[in-house]
file target_11.txt (compact mmCIF, C-alpha atoms)
# COMPACT_ATOMS: atom_id res chain seq x y z
CA MET A 623 83.21 164.66 44.55
CA THR A 624 85.46 161.97 43.14
CA LEU A 625 84.54 158.30 42.90
CA ARG A 626 87.00 157.52 45.67
CA GLN A 627 85.42 160.07 47.97
CA ARG A 628 82.00 158.59 47.30
CA ALA A 629 83.30 155.11 48.07
CA ILE A 630 84.78 156.37 51.36
CA LEU A 631 81.46 157.90 52.34
CA ALA A 632 79.58 154.74 51.35
CA LEU A 633 81.83 152.63 53.58
CA ASN A 634 81.36 155.16 56.36
CA VAL A 635 77.58 154.82 56.01
CA ILE A 636 77.85 151.02 56.23
CA GLY A 637 79.80 151.45 59.46
CA LEU A 638 77.18 153.88 60.75
CA LEU A 639 74.32 151.48 60.02
CA VAL A 640 76.03 148.45 61.53
CA SER A 641 77.23 150.16 64.70
CA GLY A 642 73.88 151.91 65.00
CA TYR A 643 72.06 148.59 64.85
CA LEU A 644 74.38 147.00 67.41
CA THR A 645 73.99 149.98 69.72
CA TYR A 646 70.23 149.71 69.39
CA THR A 647 70.16 145.99 70.21
CA HIS A 648 72.53 146.55 73.12
CA LEU A 649 70.53 149.38 74.66
CA ALA A 650 67.13 147.82 73.93
CA ASP A 651 68.48 144.51 75.30
CA THR A 652 67.26 142.52 72.29
CA GLU A 653 69.19 139.96 70.34
CA PRO A 654 70.70 141.02 67.04
CA ILE A 655 69.40 139.11 64.03
CA CYS A 656 72.50 137.25 63.08
CA GLY A 657 71.84 135.25 59.94
CA GLY A 658 72.27 132.06 61.92
CA PHE A 659 75.96 131.49 61.23
CA ALA A 660 77.57 133.74 63.79
CA ASP A 661 77.32 134.28 67.52
CA CYS A 662 76.24 137.89 67.71
CA SER A 663 74.45 137.69 71.02
CA TYR A 664 77.29 135.78 72.65
CA VAL A 665 79.82 138.38 71.53
CA GLN A 666 77.47 141.20 72.45
CA ALA A 667 76.85 139.72 75.90
CA SER A 668 80.53 139.23 76.64
CA SER A 669 82.48 141.49 78.93
CA TYR A 670 84.38 142.78 75.91
CA ALA A 671 81.27 144.47 74.53
CA THR A 672 81.41 147.33 77.03
CA ILE A 673 84.06 149.65 78.43
CA LEU A 674 83.17 151.13 81.81
CA GLY A 675 79.55 150.41 81.04
CA ILE A 676 79.66 152.09 77.65
CA PRO A 677 78.77 149.72 74.81
CA VAL A 678 81.65 149.40 72.37
CA ALA A 679 79.04 149.63 69.60
CA LEU A 680 78.12 153.11 70.85
CA LEU A 681 81.78 154.17 70.77
CA GLY A 682 81.92 152.94 67.19
CA LEU A 683 78.75 154.78 66.27
CA GLY A 684 80.15 158.00 67.76
CA ALA A 685 83.44 157.61 65.89
CA TYR A 686 81.70 156.89 62.57
CA LEU A 687 79.49 159.95 63.07
CA VAL A 688 82.42 162.28 63.80
CA ILE A 689 84.37 160.88 60.85
CA PHE A 690 81.35 161.34 58.60
CA VAL A 691 80.94 165.00 59.53
CA LEU A 692 84.69 165.64 59.13
CA LEU A 693 84.72 163.95 55.73
CA ILE A 694 81.77 165.90 54.40
CA TYR A 695 83.53 169.07 55.51
CA ALA A 696 86.88 167.95 54.09
CA PHE A 697 85.45 167.00 50.71
CA LYS A 698 83.55 170.29 50.45
CA HIS A 699 86.66 172.32 51.23
CA SER A 700 89.23 170.02 49.70
CA HIS A 701 91.22 172.92 48.28
CA LYS A 702 91.60 174.73 51.56
CA MET A 703 94.01 174.09 54.37
CA HIS A 704 91.30 173.61 57.02
CA GLY A 705 89.60 171.16 54.70
CA TYR A 706 92.82 169.21 54.53
CA ASN A 707 93.16 169.35 58.32
CA ALA A 708 89.65 167.91 58.69
CA LEU A 709 90.70 165.10 56.36
CA GLN A 710 93.79 164.46 58.48
CA ILE A 711 91.78 164.24 61.68
CA ALA A 712 89.24 161.93 60.04
CA PHE A 713 92.14 159.80 58.86
CA GLY A 714 93.59 159.65 62.38
CA LEU A 715 90.25 158.60 63.88
CA SER A 716 89.82 156.05 61.15
CA VAL A 717 93.28 154.57 61.83
CA ALA A 718 92.38 154.35 65.52
CA GLY A 719 89.19 152.58 64.44
CA VAL A 720 91.15 150.03 62.40
CA LEU A 721 93.54 149.32 65.25
CA TYR A 722 90.73 148.90 67.75
CA SER A 723 88.73 146.74 65.33
CA ALA A 724 91.79 144.57 64.85
CA TYR A 725 92.01 144.13 68.62
CA LEU A 726 88.29 143.28 68.84
CA THR A 727 88.54 140.79 65.99
CA TYR A 728 91.51 139.20 67.73
CA ILE A 729 89.37 138.87 70.88
CA GLU A 730 86.57 137.29 68.85
CA ALA A 731 88.93 134.80 67.21
CA PHE A 732 91.17 133.80 70.10
CA VAL A 733 89.33 134.59 73.31
CA LEU A 734 85.62 134.24 72.63
CA HIS A 735 85.94 131.79 69.73
CA ALA A 736 82.86 133.39 68.28
CA TYR A 737 82.30 135.94 65.60
CA CYS A 738 79.67 138.59 65.39
CA LEU A 739 78.51 139.23 61.85
CA TYR A 740 78.04 142.96 62.35
CA CYS A 741 81.30 143.46 64.21
CA VAL A 742 83.21 141.77 61.39
CA THR A 743 81.30 143.82 58.81
CA SER A 744 82.26 146.98 60.65
CA ALA A 745 85.90 145.88 60.86
CA ILE A 746 86.02 145.26 57.10
CA ALA A 747 84.27 148.57 56.33
CA ILE A 748 86.62 150.64 58.48
CA THR A 749 89.68 148.87 57.06
CA LEU A 750 88.68 149.52 53.45
CA MET A 751 87.70 153.06 54.32
CA THR A 752 91.08 153.70 55.93
CA LEU A 753 92.94 152.30 52.93
CA LEU A 754 91.06 154.66 50.62
CA LEU A 755 91.57 157.52 53.07
CA THR A 756 95.31 156.84 53.09
CA LEU A 757 95.36 157.39 49.33
CA GLU A 758 93.17 160.43 49.75
CA VAL A 759 95.52 161.98 52.31
CA PHE A 760 98.79 161.19 50.58
CA GLN A 761 97.65 161.99 47.07
CA HIS A 762 96.05 165.20 48.19
CA PRO A 763 97.01 168.12 45.92
CA ILE A 764 98.46 169.99 48.86
CA ASP A 765 100.52 172.16 46.53
CA LYS A 766 97.31 173.80 45.42
CA VAL A 767 96.21 174.39 48.98
CA MET B 328 113.24 190.41 41.04
CA ALA B 329 110.86 187.75 39.98
CA ARG B 330 113.18 184.88 40.74
CA PRO B 331 113.53 185.16 44.51
CA LYS B 332 109.78 185.65 44.82
CA LYS B 333 109.17 182.45 42.92
CA LYS B 334 111.69 180.66 45.07
CA SER B 335 110.03 181.81 48.28
CA ALA B 336 106.68 180.65 46.95
CA ARG B 337 108.13 177.22 46.32
CA GLN B 338 109.77 177.33 49.72
CA SER B 339 106.44 178.07 51.37
CA THR B 340 104.83 175.16 49.52
CA ILE B 341 107.55 172.86 50.78
CA ASN B 342 107.14 174.22 54.28
CA GLN B 343 103.42 173.73 54.09
CA ARG B 344 103.88 170.16 52.96
CA LYS B 345 106.36 169.52 55.74
CA GLN B 346 103.96 170.98 58.26
CA ALA B 347 101.10 168.89 56.93
CA GLN B 348 103.24 165.78 57.24
CA GLN B 349 104.17 166.63 60.81
CA THR B 350 100.53 167.17 61.66
CA LEU B 351 99.76 163.80 60.12
CA TRP B 352 102.33 161.95 62.24
CA PHE B 353 101.10 163.77 65.29
CA ILE B 354 97.53 162.71 64.57
CA LEU B 355 98.57 159.11 63.90
CA GLY B 356 100.48 159.12 67.20
CA LEU B 357 97.39 160.35 68.99
CA ALA B 358 95.31 157.65 67.29
CA GLY B 359 97.69 154.93 68.46
CA LEU B 360 97.73 156.33 71.97
CA ALA B 361 93.92 156.52 72.06
CA VAL B 362 93.62 152.86 71.09
CA ILE B 363 96.16 151.78 73.70
CA ILE B 364 94.27 153.70 76.37
CA LEU B 365 90.96 152.25 75.20
CA ILE B 366 92.25 148.68 75.36
CA GLY B 367 93.96 149.34 78.70
CA VAL B 368 90.83 150.79 80.29
CA GLY B 369 88.83 147.85 78.94
CA MET B 370 91.23 145.36 80.49
CA LEU B 371 91.30 147.14 83.84
CA SER B 372 87.52 147.42 84.05
CA ARG B 373 87.20 143.75 83.18
CA SER B 374 89.63 142.54 85.79
CA GLY B 375 87.59 144.56 88.30
CA ASN B 376 84.36 142.88 87.18
CA LYS B 377 85.56 139.33 87.32
CA PRO B 378 84.74 138.27 90.88
CA ASP B 379 81.07 139.00 90.16
CA THR B 380 79.97 135.37 90.07
CA ALA B 381 82.62 134.15 92.44
CA SER B 382 81.94 136.72 95.12
CA VAL B 383 79.07 134.82 96.69
CA ILE B 384 80.64 131.43 96.18
CA GLY B 385 84.13 132.43 97.21
CA GLU B 386 83.11 133.27 100.76
CA VAL B 387 81.63 129.90 101.61
CA SER B 388 83.23 126.52 101.34
CA ALA B 389 82.03 124.38 98.48
CA GLN B 390 82.22 120.60 98.46
CA ASP B 391 81.19 119.05 95.17
CA LYS B 392 77.63 120.15 94.67
CA SER B 393 77.20 121.39 98.23
CA LEU B 394 77.73 124.87 99.47
CA GLY B 395 78.49 125.84 103.05
CA ASN B 396 79.16 124.24 106.40
CA PRO B 397 79.23 120.42 105.96
CA ASN B 398 77.83 120.03 109.50
CA ALA B 399 75.10 122.64 109.16
CA PRO B 400 71.95 121.78 111.15
CA VAL B 401 69.75 122.40 108.13
CA VAL B 402 70.21 121.05 104.62
CA VAL B 403 68.40 122.68 101.71
CA THR B 404 68.21 120.51 98.60
CA ASP B 405 67.44 122.08 95.25
CA PHE B 406 66.23 119.80 92.46
CA SER B 407 66.90 121.85 89.39
CA ASP B 408 67.32 121.90 85.62
CA PHE B 409 69.71 124.18 83.74
CA HIS B 410 67.22 124.74 80.93
CA CYS B 411 64.34 125.72 83.15
CA PRO B 412 63.66 129.46 83.41
CA HIS B 413 62.19 129.24 86.93
CA CYS B 414 65.36 127.51 88.04
CA ARG B 415 67.33 130.43 86.71
CA THR B 416 65.13 132.86 88.60
CA PHE B 417 65.58 130.78 91.74
CA ALA B 418 69.35 130.65 91.27
CA GLU B 419 69.58 134.37 90.71
CA THR B 420 67.25 135.56 93.46
CA THR B 421 66.12 133.20 96.24
CA GLU B 422 69.31 131.17 96.20
CA LYS B 423 71.45 134.29 96.54
CA GLN B 424 69.39 135.39 99.56
CA LEU B 425 69.67 131.94 101.04
CA ILE B 426 73.45 131.98 100.69
CA GLU B 427 73.73 135.52 101.99
CA GLN B 428 71.52 135.01 105.05
CA TYR B 429 71.95 131.35 106.04
CA VAL B 430 74.74 129.59 104.21
CA LYS B 431 77.44 132.14 105.00
CA SER B 432 76.67 131.96 108.71
CA GLY B 433 77.00 128.17 108.62
CA LYS B 434 73.38 127.44 109.51
CA VAL B 435 72.43 125.95 106.18
CA ARG B 436 74.13 123.71 103.70
CA LEU B 437 72.80 123.99 100.19
CA GLU B 438 72.97 121.03 97.87
CA TYR B 439 72.16 120.82 94.19
CA LYS B 440 70.54 117.81 92.52
CA HIS B 441 69.69 117.24 88.90
CA PHE B 442 66.11 116.78 87.86
CA ILE B 443 65.81 116.63 84.11
CA VAL B 444 62.63 118.10 82.68
CA VAL B 445 63.64 120.00 79.54
CA ASN B 446 66.24 117.87 77.74
CA SER B 447 69.06 119.32 79.76
CA GLU B 448 71.02 116.07 80.21
CA LEU B 449 74.04 117.45 78.34
CA ALA B 450 74.19 120.55 80.52
CA ALA B 451 73.72 118.51 83.69
CA ASN B 452 76.49 116.13 82.69
CA ALA B 453 78.74 119.10 81.86
CA SER B 454 78.12 120.60 85.29
CA GLU B 455 79.28 117.29 86.77
CA CYS B 456 82.41 117.56 84.65
CA ALA B 457 82.98 120.99 86.18
CA ARG B 458 82.38 119.49 89.64
CA GLU B 459 85.10 116.98 88.88
CA GLN B 460 87.44 119.97 88.65
CA GLY B 461 86.02 121.65 91.74
CA LYS B 462 84.13 124.31 89.83
CA PHE B 463 80.54 123.13 90.01
CA TRP B 464 79.11 126.34 91.46
CA GLU B 465 81.00 128.62 89.12
CA TYR B 466 79.73 126.57 86.20
CA HIS B 467 76.23 126.49 87.68
CA ASP B 468 76.12 130.30 87.89
CA TYR B 469 77.61 130.66 84.44
CA LEU B 470 75.08 128.30 82.84
CA PHE B 471 72.16 130.18 84.32
CA SER B 472 73.64 133.50 83.25
CA LYS B 473 73.78 132.17 79.68
CA GLN B 474 70.40 130.44 79.72
CA GLU B 475 68.34 133.25 78.28
CA THR B 476 70.55 133.71 75.24
CA ASP B 477 71.97 130.25 74.62
CA ALA B 478 69.68 127.51 75.97
CA PRO B 479 69.20 124.77 74.89
CA PHE B 480 72.94 124.43 75.36
CA THR B 481 74.93 122.62 72.71
CA THR B 482 78.05 120.59 73.41
CA ASP B 483 80.18 123.32 71.85
CA GLU B 484 78.68 125.98 74.07
CA LEU B 485 79.15 123.85 77.17
CA LYS B 486 82.80 123.35 76.29
CA ARG B 487 83.29 127.03 75.59
CA TYR B 488 81.94 127.96 79.02
CA ALA B 489 84.46 125.62 80.63
CA GLN B 490 87.17 127.45 78.73
CA ASP B 491 85.76 130.81 79.83
CA LEU B 492 85.98 129.64 83.42
CA GLY B 493 89.54 128.44 83.03
CA LEU B 494 88.88 124.72 83.48
CA ASN B 495 91.18 122.05 82.10
CA THR B 496 89.54 121.88 78.70
CA GLN B 497 90.97 118.58 77.55
CA GLN B 498 89.70 116.76 80.61
CA PHE B 499 86.40 118.63 80.43
CA ASP B 500 85.85 117.95 76.73
CA GLU B 501 86.50 114.24 77.16
CA CYS B 502 84.11 114.16 80.09
CA VAL B 503 81.39 115.92 78.09
CA ASP B 504 81.89 113.81 74.97
CA SER B 505 81.77 110.53 76.84
CA GLY B 506 78.72 111.52 78.88
CA LYS B 507 80.74 110.42 81.90
CA TYR B 508 78.20 111.40 84.55
CA MET B 509 74.94 110.64 82.76
CA ASP B 510 74.26 107.86 85.25
CA VAL B 511 74.59 110.32 88.15
CA VAL B 512 72.20 112.70 86.40
CA MET B 513 69.63 109.95 85.85
CA LYS B 514 70.07 108.59 89.34
CA GLU B 515 69.33 111.95 90.91
CA THR B 516 66.36 112.52 88.62
CA ASN B 517 64.94 109.17 89.65
CA GLU B 518 65.65 109.92 93.31
CA GLY B 519 63.70 113.16 92.87
CA ARG B 520 60.79 111.31 91.33
CA ARG B 521 60.68 108.93 94.25
CA LEU B 522 60.68 111.87 96.65
CA GLY B 523 57.74 113.46 94.85
CA VAL B 524 59.46 116.02 92.62
CA ARG B 525 57.16 116.80 89.69
CA GLY B 526 58.72 119.98 88.34
CA THR B 527 61.66 122.25 88.88
CA PRO B 528 62.83 123.89 90.96
CA THR B 529 61.65 121.78 93.88
CA ILE B 530 63.15 122.55 97.25
CA PHE B 531 63.56 120.28 100.25
CA VAL B 532 64.49 121.39 103.74
CA ASN B 533 65.98 118.55 105.79
CA GLY B 534 64.35 116.07 103.43
CA LYS B 535 60.92 117.63 103.55
CA LEU B 536 59.43 119.05 100.35
CA VAL B 537 58.63 122.74 100.78
CA PRO B 538 55.61 123.84 98.77
CA ARG B 539 56.46 127.00 96.83
CA GLY B 540 59.97 126.63 98.19
CA ALA B 541 61.42 128.62 95.32
CA LEU B 542 59.86 131.73 96.83
CA TRP B 543 62.02 133.30 99.49
CA PRO B 544 59.33 133.92 102.17
CA ASP B 545 58.16 130.29 102.02
CA LEU B 546 61.68 128.89 101.98
CA LYS B 547 62.81 131.17 104.80
CA ALA B 548 59.84 130.10 106.95
CA ALA B 549 60.65 126.43 106.36
CA ILE B 550 64.32 126.98 107.23
CA ASP B 551 63.49 128.91 110.40
CA GLU B 552 61.15 126.14 111.47
CA ALA B 553 63.83 123.52 110.86
CA LEU B 554 66.39 125.59 112.78
CA GLN B 555 63.95 125.93 115.66
CA LYS B 556 63.52 122.16 115.74
CA SER B 557 67.24 121.59 115.75
CA GLY B 558 67.56 123.97 118.67
CA GLN B 559 69.49 126.57 116.76
CA GLY B 560 66.68 128.95 115.95
CA SER B 561 67.59 132.55 115.40

call {"tool": "encode", "arguments": {"input": "target_11.txt", "output": "structure tokens"}}
result
Amino acid sequence: MTLRQRAILALNVIGLLVSGYLTYTHLADTEPICGGFADCSYVQASSYATILGIPVALLGLGAYLVIFVLLIYAFKHSHKMHGYNALQIAFGLSVAGVLYSAYLTYIEAFVLHAYCLYCVTSAIAITLMTLLLTLEVFQHPIDKV
Amino acid sequence: MARPKKKSARQSTINQRKQAQQTLWFILGLAGLAVIILIGVGMLSRSGNKPDTASVIGEVSAQDKSLGNPNAPVVVTDFSDFHCPHCRTFAETTEKQLIEQYVKSGKVRLEYKHFIVVNSELAANASECAREQGKFWEYHDYLFSKQETDAPFTTDELKRYAQDLGLNTQQFDECVDSGKYMDVVMKETNEGRRLGVRGTPTIFVNGKLVPRGALWPDLKAAIDEALQKSGQGS
């Protein structure tokens, strides 16, 4: 596994941990520990934190999990076509994640006027991960596939 | 013989690359579509949720800090404090039943009065600023819904709620910053003291203190008695 692939997985794990923690606090109805400088509970309690009753954090956790599994598969079979396809799908999901995170961050900044430490962390992690994945996809030695 | 074979191998590589690129654009398209749907569904579900707090209030007429028929035979007065957990419980349970069963039918008018016990002057003043804009009850419900997570309320939080509720923020902010209605808040607290209020919430029915009035059975009994006296018993 290359350094870049390790970095991608590390960022994925950060996303998993953060969204997992937010899902836990949402479902257990406790307040996230927020480091005092952000408004986690306010953001979490807002109507933007759920879609049709499903916590957005849970959606994120699900997406990170699927991406993680796809990436492990893709990196193991990086010289096969189906490995490359797994990478493509992971990339697509990750791009969707970036777009949705951008929307959520916009909501935090301009609608709620409050930031949630973990949500911002997740947004940064998925953005970096997608940038690295873009390189991974476009610099893939597809000729050798 | 070797040349065409080599060419076709290169051709197939190019084809493969082309195909991979097409797949990629397809996947990116799907990703974009998924996000648009996600945001759309979120917006739709939110617009459906909105009347939640207004639903009870919207159906009865509100005048300042009163709710319901201005000429109702029975007046229920609630001395309350936005920082007090029992007041929240009252607002979310007994008060809702009261509105549902008596205020809507025009038999009872509910009025809110401030009684400061837990340093809630800022919140009380802010609720008066909301009243100034005709949104006292919306603000009242919103404050109690935020109490568990946010109380004691800071000035910034109080202003943010006004924004959430779509109030004129400039007017509201000035009102909060200047403590415009502090005298009203203190006046009502003092009035409560004179009337024998010692804690919150304390409930009066037609000017008579109802012991354990925050509990629905006790309040309901007191209201029924008052209605009976006024000749409008149910």

call {"tool": "residues_around", "arguments": {"input": "target_11.txt", "residues": "Ile630 (chain A)", "least_positions_apart": "4", "cutoff": "7 Å", "atoms": "all atoms listed in the file", "output": "PDB file with C-alpha atoms, keeping the file's coordinate frame"}}
result
ATOM      1  CA  ARG A 626      87.000 157.520  45.670  1.00  0.00           C
ATOM      2  CA  ASN A 634      81.360 155.160  56.360  1.00  0.00           C
ATOM      3  CA  MET A 751      87.700 153.060  54.320  1.00  0.00           C
ATOM      4  CA  LEU A 754      91.060 154.660  50.620  1.00  0.00           C
TER       5      LEU A 754
END

call {"tool": "residues_around", "arguments": {"input": "target_11.txt", "residues": "Gly642 (chain A)", "least_positions_apart": "2", "cutoff": "12 Å", "atoms": "only C-alpha atoms", "output": "ChimeraX atom specification"}}
result
/A:634-640,644-650,654,677-687,740-741,744

call {"tool": "closest_atom_pairs", "arguments": {"input": "target_11.txt", "of": "chain A", "to": "chain B", "cutoff": "6 Å", "atoms": "all atoms listed in the file", "output": "tab-separated table"}}
result
residue	atom	partner	partner_atom	distance
A:Ile673	CA	B:Gly369	CA	5.1
A:Gly714	CA	B:Leu355	CA	5.2
A:Ala718	CA	B:Ala358	CA	4.8
A:Tyr722	CA	B:Val362	CA	5.9

call {"tool": "residues_around", "arguments": {"input": "target_11.txt", "residues": "region 503-510 of chain B", "least_positions_apart": "3", "cutoff": "7 Å", "atoms": "only C-alpha atoms", "output": "list in words"}}
result
Asn452, Ala453, Glu455, Cys456, Phe499, Asp500, Met513 and Lys514 of chain B

call {"tool": "closest_residue", "arguments": {"input": "target_11.txt", "among": "B:Ala399, B:Leu546, B:Ala418, B:Leu394", "to": "Thr527 (chain B)", "atoms": "all atoms listed in the file"}}
result
B:Ala418

call {"tool": "atom_distance", "arguments": {"input": "target_11.txt", "atom1": "CA of Val742 (chain A)", "atom2": "CA of Thr727 (chain A)"}}
result
7.1 Å

call {"tool": "atom_distance", "arguments": {"input": "target_11.txt", "atom1": "CA of Phe760 (chain A)", "atom2": "CA of Ala724 (chain A)"}}
result
23.0 Å

call {"tool": "atom_distance", "arguments": {"input": "target_11.txt", "atom1": "CA of Gly395 (chain B)", "atom2": "CA of Arg436 (chain B)"}}
result
4.9 Å

call {"tool": "closest_residue", "arguments": {"input": "target_11.txt", "among": "A:Met623, A:Tyr706, A:His699, A:Leu692", "to": "Gln761 (chain A)", "atoms": "only C-alpha atoms"}}
result
A:Tyr706

call {"tool": "closest_residue", "arguments": {"input": "target_11.txt", "among": "A:Tyr643, A:Phe697, A:Tyr670, A:Tyr725", "to": "Glu758 (chain A)", "atoms": "all atoms listed in the file"}}
result
A:Phe697

call {"tool": "residues_near_point", "arguments": {"input": "target_11.txt", "point": "(63.6, 122.2, 98.8)", "cutoff": "8 Å", "atoms": "only C-alpha atoms", "output": "list in words"}}
result
Val403, Thr404, Asp405, Phe406, Thr529, Ile530, Phe531, Val532, Gly534, Lys535, Leu536, Val537, Gly540, Ala541 and Leu546 of chain B

call {"tool": "residues_around", "arguments": {"input": "target_11.txt", "residues": "Lys556 (chain B)", "least_positions_apart": "5", "cutoff": "10 Å", "atoms": "only C-alpha atoms", "output": "list in words"}}
result
Pro400, Val401, Ile550 and Asp551 of chain B

call {"tool": "residues_near_point", "arguments": {"input": "target_11.txt", "point": "(72.8, 118.7, 74.5)", "cutoff": "9 Å", "atoms": "only C-alpha atoms", "output": "PDB file with C-alpha atoms, in the coordinates of the input"}}
result
ATOM      1  CA  ASN B 446      66.240 117.870  77.740  1.00  0.00           C
ATOM      2  CA  SER B 447      69.060 119.320  79.760  1.00  0.00           C
ATOM      3  CA  GLU B 448      71.020 116.070  80.210  1.00  0.00           C
ATOM      4  CA  LEU B 449      74.040 117.450  78.340  1.00  0.00           C
ATOM      5  CA  ALA B 450      74.190 120.550  80.520  1.00  0.00           C
ATOM      6  CA  PRO B 479      69.200 124.770  74.890  1.00  0.00           C
ATOM      7  CA  PHE B 480      72.940 124.430  75.360  1.00  0.00           C
ATOM      8  CA  THR B 481      74.930 122.620  72.710  1.00  0.00           C
ATOM      9  CA  THR B 482      78.050 120.590  73.410  1.00  0.00           C
ATOM     10  CA  LEU B 485      79.150 123.850  77.170  1.00  0.00           C
TER      11      LEU B 485
END

call {"tool": "closest_residue", "arguments": {"input": "target_11.txt", "among": "B:Asn342, B:Asn495, B:Gln349, B:Ser454", "to": "Gln710 (chain A)", "atoms": "only C-alpha atoms"}}
result
B:Gln349
